[in-house]
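Engineer: Following this line is data30.cif, made up of mmCIF, C-alpha atoms:
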data_start
#
loop_
_atom_site.label_atom_id
_atom_site.label_comp_id
_atom_site.auth_asym_id
_atom_site.auth_seq_id
_atom_site.Cartn_x
_atom_site.Cartn_y
_atom_site.Cartn_z
CA CYS A 1 22.32 -14.78 -17.63
CA SER A 2 22.71 -18.34 -18.93
CA ALA A 3 18.98 -18.48 -19.74
CA ARG A 4 19.23 -15.25 -21.70
CA LYS A 5 22.24 -16.55 -23.62
CA THR A 6 20.39 -19.77 -24.48
CA PHE A 7 17.29 -17.86 -25.60
CA PHE A 8 19.46 -15.58 -27.76
CA ALA A 9 21.24 -18.56 -29.31
CA VAL A 10 17.98 -20.31 -30.20
CA SER A 11 16.56 -17.04 -31.57
CA MET A 12 19.61 -16.69 -33.84
CA LEU A 13 19.29 -20.21 -35.27
CA PRO A 14 17.00 -19.29 -38.20
CA GLY A 15 19.50 -16.76 -39.52
CA LEU A 16 22.48 -19.03 -39.00
CA MET A 17 20.84 -22.03 -40.64
CA LEU A 18 19.78 -19.95 -43.66
CA MET A 19 23.29 -18.62 -44.34
CA PRO A 20 24.07 -21.37 -46.91
CA PHE A 21 20.99 -20.22 -48.86
CA ALA A 22 21.78 -16.51 -48.83
CA ALA A 23 22.40 -16.49 -52.59
CA GLN A 24 19.10 -18.25 -53.34
CA ALA A 25 15.56 -16.98 -53.44
CA ILE A 26 13.53 -17.98 -50.42
CA GLU A 27 9.83 -18.10 -49.67
CA VAL A 28 8.42 -17.11 -46.30
CA ASN A 29 5.04 -18.50 -45.20
CA GLY A 30 3.02 -18.19 -42.04
CA ILE A 31 2.40 -21.35 -40.02
CA VAL A 32 -0.09 -22.19 -37.26
CA LYS A 33 0.00 -25.56 -35.53
CA LEU A 34 -2.23 -27.36 -33.06
CA GLY A 35 -1.58 -30.67 -31.36
CA MET A 36 -1.05 -32.80 -28.29
CA ASP A 37 2.09 -34.08 -26.59
CA PHE A 38 2.25 -37.11 -24.31
CA GLY A 39 4.73 -38.86 -22.02
CA GLY A 40 7.36 -38.02 -19.43
CA ASP A 41 7.45 -38.36 -15.66
CA ARG A 42 4.15 -38.32 -13.76
CA MET A 43 3.68 -34.97 -12.01
CA VAL A 44 0.27 -35.59 -10.44
CA LYS A 45 -2.57 -38.12 -10.43
CA ALA A 46 -6.08 -37.06 -9.41
CA TYR A 47 -9.59 -38.47 -9.45
CA THR A 48 -12.87 -37.06 -10.79
CA THR A 49 -16.20 -37.32 -8.97
CA ASN A 50 -16.93 -40.66 -10.70
CA ASP A 51 -13.55 -42.09 -9.60
CA TYR A 52 -11.95 -41.75 -13.04
CA SER A 53 -8.19 -41.14 -12.70
CA LEU A 54 -6.36 -38.42 -14.60
CA GLU A 55 -2.64 -37.65 -14.81
CA ILE A 56 -0.34 -34.85 -15.85
CA ASN A 57 3.06 -36.01 -17.12
CA GLY A 58 6.14 -33.99 -18.00
CA ASN A 59 5.50 -33.86 -21.77
CA ASP A 60 1.70 -33.71 -21.65
CA GLY A 61 -0.16 -30.76 -23.04
CA LEU A 62 -2.21 -29.11 -25.72
CA LEU A 63 0.05 -26.95 -27.88
CA LEU A 64 -1.01 -23.95 -29.95
CA ALA A 65 1.81 -22.22 -31.81
CA GLY A 66 2.44 -19.81 -34.66
CA GLY A 67 5.40 -18.50 -36.61
CA VAL A 68 7.10 -18.71 -39.99
CA SER A 69 8.13 -21.45 -42.40
CA ILE A 70 11.04 -20.54 -44.70
CA THR A 71 11.65 -22.59 -47.86
CA ASN A 72 14.53 -22.36 -50.34
CA ASP A 73 13.92 -21.91 -54.07
CA ALA A 74 14.61 -25.59 -54.83
CA ARG A 75 11.92 -26.45 -52.24
CA ASN A 76 14.01 -29.26 -50.76
CA PHE A 77 14.88 -27.51 -47.51
CA ALA A 78 12.69 -25.68 -44.99
CA LEU A 79 13.14 -23.98 -41.65
CA ASP A 80 10.23 -23.55 -39.20
CA ALA A 81 10.40 -21.14 -36.26
CA THR A 82 7.36 -21.03 -33.96
CA LEU A 83 6.44 -19.68 -30.54
CA GLY A 84 3.66 -21.45 -28.66
CA TRP A 85 1.57 -21.94 -25.54
CA LYS A 86 1.38 -25.43 -24.05
CA SER A 87 -0.84 -26.54 -21.19
CA ALA A 88 -2.05 -29.69 -19.46
CA SER A 89 -4.74 -29.42 -16.78
CA ILE A 90 -6.94 -31.51 -14.51
CA ASP A 91 -10.26 -30.39 -13.04
CA ALA A 92 -10.71 -32.96 -10.27
CA SER A 93 -13.56 -33.28 -7.78
CA ASN A 94 -12.06 -30.89 -5.21
CA GLN A 95 -8.73 -29.87 -6.73
CA ASP A 96 -7.40 -28.34 -9.95
CA TYR A 97 -3.92 -28.75 -11.43
CA GLU A 98 -2.20 -27.11 -14.42
CA PHE A 99 1.22 -27.31 -16.09
CA THR A 100 1.91 -24.45 -18.51
CA ARG A 101 4.94 -23.38 -20.58
CA TYR A 102 5.86 -21.38 -23.69
CA PRO A 103 8.07 -23.28 -26.19
CA LEU A 104 10.13 -21.63 -28.92
CA ASP A 105 10.89 -24.25 -31.61
CA VAL A 106 13.45 -23.89 -34.41
CA LEU A 107 13.35 -26.93 -36.71
CA ALA A 108 15.07 -27.67 -40.02
CA PHE A 109 13.55 -30.10 -42.55
CA TYR A 110 14.56 -31.96 -45.69
CA ASN A 111 11.64 -32.22 -48.13
CA ILE A 112 11.03 -35.43 -50.15
CA PRO A 113 8.46 -35.15 -52.99
CA LEU A 114 6.00 -38.07 -53.09
CA GLY A 115 3.56 -36.92 -55.77
CA LYS A 116 3.38 -34.98 -59.01
CA LYS A 117 3.88 -31.20 -58.90
CA ASN A 118 4.96 -31.44 -55.22
CA LYS A 119 1.35 -31.84 -54.07
CA PHE A 120 2.33 -34.57 -51.60
CA ASN A 121 5.60 -34.47 -49.69
CA LEU A 122 7.41 -35.99 -46.73
CA ARG A 123 9.48 -33.76 -44.46
CA ILE A 124 12.06 -35.20 -42.09
CA GLY A 125 13.94 -33.02 -39.65
CA GLY A 126 14.49 -31.69 -36.17
CA GLY A 127 16.12 -29.02 -34.09
CA LEU A 128 15.88 -27.26 -30.75
CA THR A 129 13.09 -26.25 -28.41
CA TYR A 130 13.58 -23.55 -25.77
CA VAL A 131 10.81 -23.73 -23.15
CA ARG A 132 10.14 -20.52 -21.22
CA ASN A 133 8.35 -20.12 -17.88
CA PRO A 134 7.40 -23.75 -17.09
CA LYS A 135 5.00 -23.61 -14.13
CA PHE A 136 2.98 -26.24 -12.26
CA SER A 137 0.14 -24.98 -10.08
CA ALA A 138 -2.53 -26.45 -7.81
CA SER A 139 -5.65 -24.87 -6.35
CA GLY A 140 -8.60 -26.22 -4.41
CA SER A 141 -9.70 -27.49 -1.02
CA ILE A 142 -6.74 -29.87 -0.58
CA ASP A 143 -3.75 -27.69 -1.44
CA ASN A 144 -2.69 -24.46 -3.14
CA PHE A 145 0.83 -24.01 -4.47
CA VAL A 146 2.95 -23.03 -7.46
CA VAL A 147 6.15 -24.77 -8.59
CA ASN A 148 8.33 -22.73 -10.95
CA PHE A 149 10.84 -24.51 -13.18
CA GLU A 150 13.91 -23.10 -14.88
CA ASN A 151 13.73 -22.34 -18.60
CA ALA A 152 14.73 -25.52 -20.43
CA THR A 153 16.44 -26.37 -23.71
CA GLY A 154 15.59 -29.64 -25.46
CA VAL A 155 15.75 -31.44 -28.80
CA VAL A 156 12.97 -32.30 -31.24
CA GLY A 157 12.78 -34.83 -34.08
CA GLN A 158 9.81 -34.58 -36.43
CA VAL A 159 8.28 -36.25 -39.50
CA ASP A 160 5.62 -34.44 -41.54
CA THR A 161 3.23 -35.59 -44.24
CA VAL A 162 2.51 -32.52 -46.37
CA ILE A 163 -0.48 -31.82 -48.61
CA LYS A 164 -0.07 -28.72 -50.80
CA PHE A 165 -3.13 -26.99 -52.27
CA ASN A 166 -0.96 -24.53 -54.19
CA ARG A 167 2.56 -23.09 -53.87
CA ARG A 168 1.72 -21.36 -50.58
CA LEU A 169 -1.23 -23.10 -48.92
CA GLY A 170 -0.86 -26.50 -47.30
CA ILE A 171 -1.54 -28.78 -44.36
CA ASN A 172 1.10 -30.77 -42.45
CA ALA A 173 0.28 -33.81 -40.32
CA SER A 174 3.17 -34.34 -37.89
CA LEU A 175 4.62 -36.92 -35.54
CA ARG A 176 7.33 -35.61 -33.26
CA LEU A 177 9.58 -36.76 -30.44
CA THR A 178 10.76 -34.35 -27.75
CA GLY A 179 13.64 -34.70 -25.32
CA VAL A 180 13.73 -32.14 -22.48
CA GLU A 181 14.25 -31.95 -18.71
CA TYR A 182 12.64 -29.43 -16.36
CA ARG A 183 14.63 -28.43 -13.27
CA VAL A 184 12.86 -26.92 -10.27
CA LYS A 185 14.06 -23.41 -9.44
CA GLY A 186 16.12 -23.12 -6.27
CA VAL A 187 16.03 -26.81 -5.26
CA THR A 188 17.45 -30.14 -6.35
CA GLY A 189 15.01 -32.02 -8.51
CA SER A 190 13.87 -32.35 -12.09
CA ILE A 191 11.04 -33.70 -14.24
CA ASN A 192 11.62 -35.80 -17.36
CA GLY A 193 9.68 -34.21 -20.24
CA ASN A 194 10.55 -36.76 -22.95
CA GLY A 195 7.69 -37.99 -25.11
CA ALA A 196 5.82 -38.00 -28.40
CA GLY A 197 3.19 -35.77 -29.99
CA LEU A 198 0.73 -35.54 -32.88
CA PHE A 199 0.12 -32.22 -34.64
CA VAL A 200 -1.64 -30.54 -37.53
CA ALA A 201 -0.11 -27.40 -39.05
CA PHE A 202 -1.65 -24.94 -41.49
CA VAL A 203 0.78 -23.18 -43.83
CA PHE A 204 -0.34 -20.03 -45.66
#
Using the file provided, produce a representation of the structure as structure tokens.

Structural biologist:
Amino acid sequence: CSARKTFFAVSMLPGLMLMPFAAQAIEVNGIVKLGMDFGGDRMVKAYTTNDYSLEINGNDGLLLAGGVSITNDARNFALDATLGWKSASIDASNQDYEFTRYPLDVLAFYNIPLGKKNKFNLRIGGGLTYVRNPKFSASGSIDNFVVNFENATGVVGQVDTVIKFNRRLGINASLRLTGVEYRVKGVTGSINGNGAGLFVAFVF
């Protein structure tokens, strides 16, 4: 029940945060982002056939996400809501490992123009991430198991450099910091998922 309440609260954030702008015109754009996160507690360390070591940490993973970016008429405030798939994996010599999860991010930004006609901008902001179905799995000749974590709520801070091609189309280059903790279902124990990430987002 608590997980459902948290998911509902995060899902309601876009509407609640846009209430002060109800009397203004707003613009809704699609957004697709791709990037990598790093950091957090080590979950596993494995070796390839040539003895090269690889790790999966609590914040590691390739993230692919999509959603909407909502901007007010003055173009000084934006709200991004995205749902994504995030995964980190290791294909070792005789064992495979994977850590997957599905983050819902709701982030608010203040936009600072840096160039003429708003072609170049800086966005500074943050918000919440709600991570659904975190799962760590192993398969191979050594061991086979699945560890399920509880859904987790965390915080995100993000800085974007924005290049606008026209009023709608643009590219964002992002640096973000994430703070989140993953608790193992049914047992005592947790994984620190704090870390940083680099992303590129396409707005259309």

Engineer: Quick one: residues within 6 Å of Gly126 (chain A), all atoms listed in the file counted, chain neighbours fewer than 6 positions away excluded, as a list in words?

Structural biologist: Leu107, Ala108, Val156, Gly157 and Gln158 of chain A

Engineer: Could you give me, as a Markdown table, a per-residue list for region 62-145 of chain A showing, wherever an atom lies at most 12 Å from an atom of region 22-43 of chain A, the closest pair of atoms and their distance in Å to one decimal, using all atoms listed in the file and sorting by chain then residue number from low to high?

Structural biologist:
| residue | atom | partner | partner_atom | distance |
| --- | --- | --- | --- | --- |
| A:Leu62 | CA | A:Met36 | CA | 4.6 |
| A:Leu63 | CA | A:Gly35 | CA | 5.3 |
| A:Leu64 | CA | A:Leu34 | CA | 4.8 |
| A:Ala65 | CA | A:Lys33 | CA | 5.3 |
| A:Gly66 | CA | A:Val32 | CA | 4.3 |
| A:Gly67 | CA | A:Ile31 | CA | 5.4 |
| A:Val68 | CA | A:Gly30 | CA | 4.6 |
| A:Ser69 | CA | A:Asn29 | CA | 5.1 |
| A:Ile70 | CA | A:Val28 | CA | 4.6 |
| A:Thr71 | CA | A:Glu27 | CA | 5.2 |
| A:Asn72 | CA | A:Ile26 | CA | 4.5 |
| A:Asp73 | CA | A:Ala25 | CA | 5.2 |
| A:Ala74 | CA | A:Gln24 | CA | 8.7 |
| A:Arg75 | CA | A:Ile26 | CA | 8.8 |
| A:Asn76 | CA | A:Ile26 | CA | 11.3 |
| A:Phe77 | CA | A:Ile26 | CA | 10.1 |
| A:Ala78 | CA | A:Glu27 | CA | 9.4 |
| A:Leu79 | CA | A:Val28 | CA | 9.5 |
| A:Asp80 | CA | A:Ile31 | CA | 8.2 |
| A:Ala81 | CA | A:Ile31 | CA | 8.8 |
| A:Thr82 | CA | A:Ile31 | CA | 7.8 |
| A:Leu83 | CA | A:Val32 | CA | 9.7 |
| A:Gly84 | CA | A:Lys33 | CA | 8.8 |
| A:Trp85 | CA | A:Leu34 | CA | 10.0 |
| A:Lys86 | CA | A:Met36 | CA | 8.8 |
| A:Ser87 | CA | A:Met36 | CA | 9.5 |
| A:Ala88 | CA | A:Asp37 | CA | 9.3 |
| A:Ser89 | CA | A:Met43 | CA | 11.2 |
| A:Ile90 | CA | A:Met43 | CA | 11.4 |
| A:Tyr97 | CA | A:Met43 | CA | 9.8 |
| A:Glu98 | CA | A:Met43 | CA | 10.1 |
| A:Phe99 | CA | A:Met43 | CA | 9.0 |
| A:Asp105 | CA | A:Lys33 | CA | 11.6 |
| A:Lys135 | CA | A:Met43 | CA | 11.6 |
| A:Phe136 | CA | A:Met43 | CA | 8.8 |
| A:Ser137 | CA | A:Met43 | CA | 10.8 |
| A:Ala138 | CA | A:Met43 | CA | 11.3 |

Engineer: Would you kindly translate the PyMOL selection byres ((chain A and resi 94) around 10) into the concrete residues it picks from this file, as a ChimeraX atom specification?

Structural biologist: /A:46-49,91-93,95-96,139-143

Engineer: Around all of region 140-148 of chain A's listed atoms, make the axis-aligned box with 3 Å on each side and tell me centre and edge lengths in Å to one decimal, as AutoDock Vina command-line options.

Structural biologist:
--center_x -0.7 --center_y -26.3 --center_z -5.8 --size_x 24.0 --size_y 13.1 --size_z 16.4

Engineer: What is the CA of Gly154 (chain A) to CA of Tyr110 (chain A) distance in Å?

Structural biologist: 20.4 Å

Engineer: Hey, what's within 9 Å of Val162 (chain A) if we count only C-alpha atoms and toss same-chain stuff fewer than 2 positions away? As a PyMOL selection string, please?

Structural biologist: chain A and resi 119-123+160+164+170-174

Engineer: So, with only C-alpha atoms as the atoms that count, which of A:Asn133, A:Thr178, A:Ser53, A:Asn118 lies closest to Phe149 (chain A)?

Structural biologist: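 Among the listed residues, the smallest separation from Phe149 (chain A) belongs to A:Asn133.
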
Engineer: Find, counting all atoms listed in the file, the residue in A:Ala201, A:Val147, A:Ala152, A:Ile124 that gets nearest to Val187 (chain A).

Structural biologist: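 With all atoms listed in the file as the atom set, the closest residue is A:Val147.
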
Engineer: Report as a list in words the residues that result from applying the PyMOL selection byres ((chain A and resi 131) around 8) to the structure here.

Structural biologist: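 In the shown coordinates, the PyMOL selection byres ((chain A and resi 131) around 8) covers Arg101, Tyr102, Pro103, Leu104, Thr129, Tyr130, Arg132, Asn133, Pro134, Asn151, Ala152, Thr153 and Gly154 of chain A.
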
Engineer: In Å to one decimal, how far is CA of Asn59 (chain A) from CA of Tyr182 (chain A)?

Structural biologist: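 CA of Asn59 (chain A) lies 10.0 Å from CA of Tyr182 (chain A).
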
Engineer: Distance CA of Lys45 (chain A)-CA of Val155 (chain A), one decimal place?

Structural biologist: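 Distance reported for this atom pair: 26.8 Å.
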